[in-house]
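As provided, protein04.cif (mmCIF, C-alpha atoms) reads as follows.
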```cif
data_data
#
loop_
_atom_site.label_atom_id
_atom_site.label_comp_id
_atom_site.auth_asym_id
_atom_site.auth_seq_id
_atom_site.Cartn_x
_atom_site.Cartn_y
_atom_site.Cartn_z
CA MET Y 242 224.61 -92.67 -48.75
CA GLN Y 243 221.61 -94.37 -47.22
CA LEU Y 244 220.46 -97.92 -47.99
CA ARG Y 245 217.26 -97.65 -50.07
CA ARG Y 246 215.43 -99.75 -52.65
CA SER Y 247 216.13 -98.66 -56.21
CA ARG Y 248 213.42 -97.38 -58.55
CA LYS Y 249 215.64 -97.51 -61.65
CA ASP Y 250 217.39 -100.87 -61.17
CA CYS Y 251 214.50 -103.04 -60.06
CA LEU Y 252 213.19 -106.36 -61.31
CA ILE Y 253 210.87 -107.22 -58.43
CA ALA Y 254 211.11 -104.67 -55.63
CA GLY Y 255 214.48 -102.96 -56.15
CA VAL Y 256 216.20 -104.59 -53.18
CA CYS Y 257 219.22 -105.89 -55.13
CA GLY Y 258 219.44 -102.65 -57.11
CA GLY Y 259 219.45 -100.67 -53.87
CA LEU Y 260 222.12 -102.89 -52.35
CA ALA Y 261 224.21 -102.49 -55.52
CA ALA Y 262 223.96 -98.70 -55.39
CA TYR Y 263 224.88 -98.70 -51.69
CA LEU Y 264 227.91 -100.95 -52.25
CA GLY Y 265 228.96 -99.28 -55.51
CA TRP Y 266 228.64 -102.53 -57.48
CA SER Y 267 226.69 -103.40 -60.60
CA PRO Y 268 223.12 -104.61 -60.04
CA PHE Y 269 223.85 -107.70 -62.14
CA ARG Y 270 226.71 -108.70 -59.84
CA VAL Y 271 224.56 -108.33 -56.71
CA ARG Y 272 221.72 -110.35 -58.27
CA VAL Y 273 224.05 -113.17 -59.31
CA MET Y 274 225.59 -113.28 -55.85
CA TYR Y 275 222.14 -113.25 -54.24
CA VAL Y 276 220.94 -116.15 -56.40
CA LEU Y 277 224.10 -118.15 -55.66
CA VAL Y 278 223.79 -117.61 -51.92
CA SER Y 279 220.08 -118.46 -52.04
CA VAL Y 280 220.62 -121.67 -54.01
CA LEU Y 281 223.49 -122.77 -51.80
CA SER Y 282 221.36 -122.19 -48.71
CA VAL Y 283 218.43 -124.18 -50.17
CA ALA Y 284 216.63 -120.99 -51.38
CA PHE Y 285 214.14 -120.66 -48.53
CA PRO Y 286 216.22 -118.35 -46.28
CA GLY Y 287 217.06 -116.24 -49.33
CA ILE Y 288 213.39 -115.67 -50.05
CA ILE Y 289 212.70 -114.67 -46.45
CA VAL Y 290 215.66 -112.26 -46.41
CA TYR Y 291 214.46 -110.65 -49.65
CA LEU Y 292 210.92 -110.22 -48.32
CA VAL Y 293 212.18 -108.74 -45.04
CA LEU Y 294 214.43 -106.29 -46.90
CA TRP Y 295 211.55 -105.41 -49.24
CA PHE Y 296 209.41 -104.30 -46.32
CA LEU Y 297 212.18 -102.73 -44.19
CA MET Y 298 214.13 -100.79 -46.84
CA PRO Y 299 212.54 -97.45 -47.73
CA GLN Y 300 211.82 -96.69 -51.39
CA GLY Y 301 214.53 -94.65 -53.08
CA GLU Y 302 213.98 -91.25 -54.61
CA ASP Y 303 215.73 -92.06 -57.93
#
```
Kindly transcribe the structure held in the file into structure tokens.
Amino acid sequence: MQLRRSRKDCLIAGVCGGLAAYLGWSPFRVRVMYVLVSVLSVAFPGIIVYLVLWFLMPQGED
């Protein structure tokens, strides 16, 4: 399976939904973990990582 942004499980760009599908986890779990990591790292790096993944990950074919 290839890492792609999700079209079905997306709130903003489908990055967390795509990561969840790739890892076999629930999208909710990935989003909660992403928010926790972002808050614990003072949010700014989390926003940059999300934007980079948004532009680098290809759109899924869901």
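Going from CA of Gln243 in chain Y to CA of Val293 in chain Y covers 17.3 Å.
Contact shell of Val256 in chain Y at 7 Å (only C-alpha atoms; same-chain neighbours under 2 positions omitted): Arg246, Ser247, Ala254, Gly258, Gly259, Leu260, Leu294 and Trp295 of chain Y.
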Please evaluate the PyMOL selection byres ((chain Y and resi 268) around 12) against the displayed coordinates and give the resulting residues as a ChimeraX atom specification.
-> /Y:246-247,249-252,255-267,269-275
Fewer than 6 positions away in the same chain doesn't count, so skip those; otherwise give me all residues within 12 Å of Val278 in chain Y, counting all atoms listed in the file, as an MDAnalysis selection string.
-> chainID Y and resid 271:272 284:288 290:291
Report the residues retrieved by the PyMOL selection byres ((chain Y and resi 301) around 7) from the displayed file, expressed as a VMD selection string.
-> chain Y and resid 245 to 248 299 to 300 302 to 303
Expected axis-aligned box over every listed atom of range 268-278 of chain Y, 5 Å added per side, centre plus edges in Å to one decimal, as lines of an AutoDock Vina configuration file:
```
center_x = 223.8
center_y = -111.4
center_z = -57.0
size_x = 15.8
size_y = 23.5
size_z = 20.2
```
Would you mind completing range 252-264 of chain Y to N, CA and C atoms and writing the output as a CSV table (one decimal), keeping the file's coordinate frame?
```csv
chain,number,residue,atom,x,y,z
Y,252,LEU,N,213.9,-105.3,-60.6
Y,252,LEU,CA,213.2,-106.4,-61.3
Y,252,LEU,C,211.9,-106.8,-60.6
Y,253,ILE,N,212.0,-106.9,-59.2
Y,253,ILE,CA,210.9,-107.2,-58.4
Y,253,ILE,C,210.5,-106.0,-57.5
Y,254,ALA,N,211.4,-105.8,-56.6
Y,254,ALA,CA,211.1,-104.7,-55.6
Y,254,ALA,C,212.2,-103.7,-55.5
Y,255,GLY,N,213.4,-103.9,-56.2
Y,255,GLY,CA,214.5,-103.0,-56.2
Y,255,GLY,C,215.4,-103.2,-55.0
Y,256,VAL,N,215.3,-104.3,-54.3
Y,256,VAL,CA,216.2,-104.6,-53.2
Y,256,VAL,C,217.6,-104.8,-53.7
Y,257,CYS,N,217.9,-105.6,-54.6
Y,257,CYS,CA,219.2,-105.9,-55.1
Y,257,CYS,C,219.8,-104.6,-55.8
Y,258,GLY,N,219.0,-103.9,-56.5
Y,258,GLY,CA,219.4,-102.6,-57.1
Y,258,GLY,C,219.8,-101.6,-56.1
Y,259,GLY,N,219.1,-101.6,-55.0
Y,259,GLY,CA,219.4,-100.7,-53.9
Y,259,GLY,C,220.7,-101.1,-53.2
Y,260,LEU,N,220.9,-102.4,-52.9
Y,260,LEU,CA,222.1,-102.9,-52.4
Y,260,LEU,C,223.3,-102.6,-53.3
Y,261,ALA,N,223.1,-102.8,-54.6
Y,261,ALA,CA,224.2,-102.5,-55.5
Y,261,ALA,C,224.6,-101.0,-55.5
Y,262,ALA,N,223.6,-100.1,-55.4
Y,262,ALA,CA,224.0,-98.7,-55.4
Y,262,ALA,C,224.7,-98.4,-54.1
Y,263,TYR,N,224.3,-99.0,-53.0
Y,263,TYR,CA,224.9,-98.7,-51.7
Y,263,TYR,C,226.3,-99.2,-51.7
Y,264,LEU,N,226.6,-100.4,-52.3
Y,264,LEU,CA,227.9,-101.0,-52.2
Y,264,LEU,C,228.8,-100.4,-53.4
```
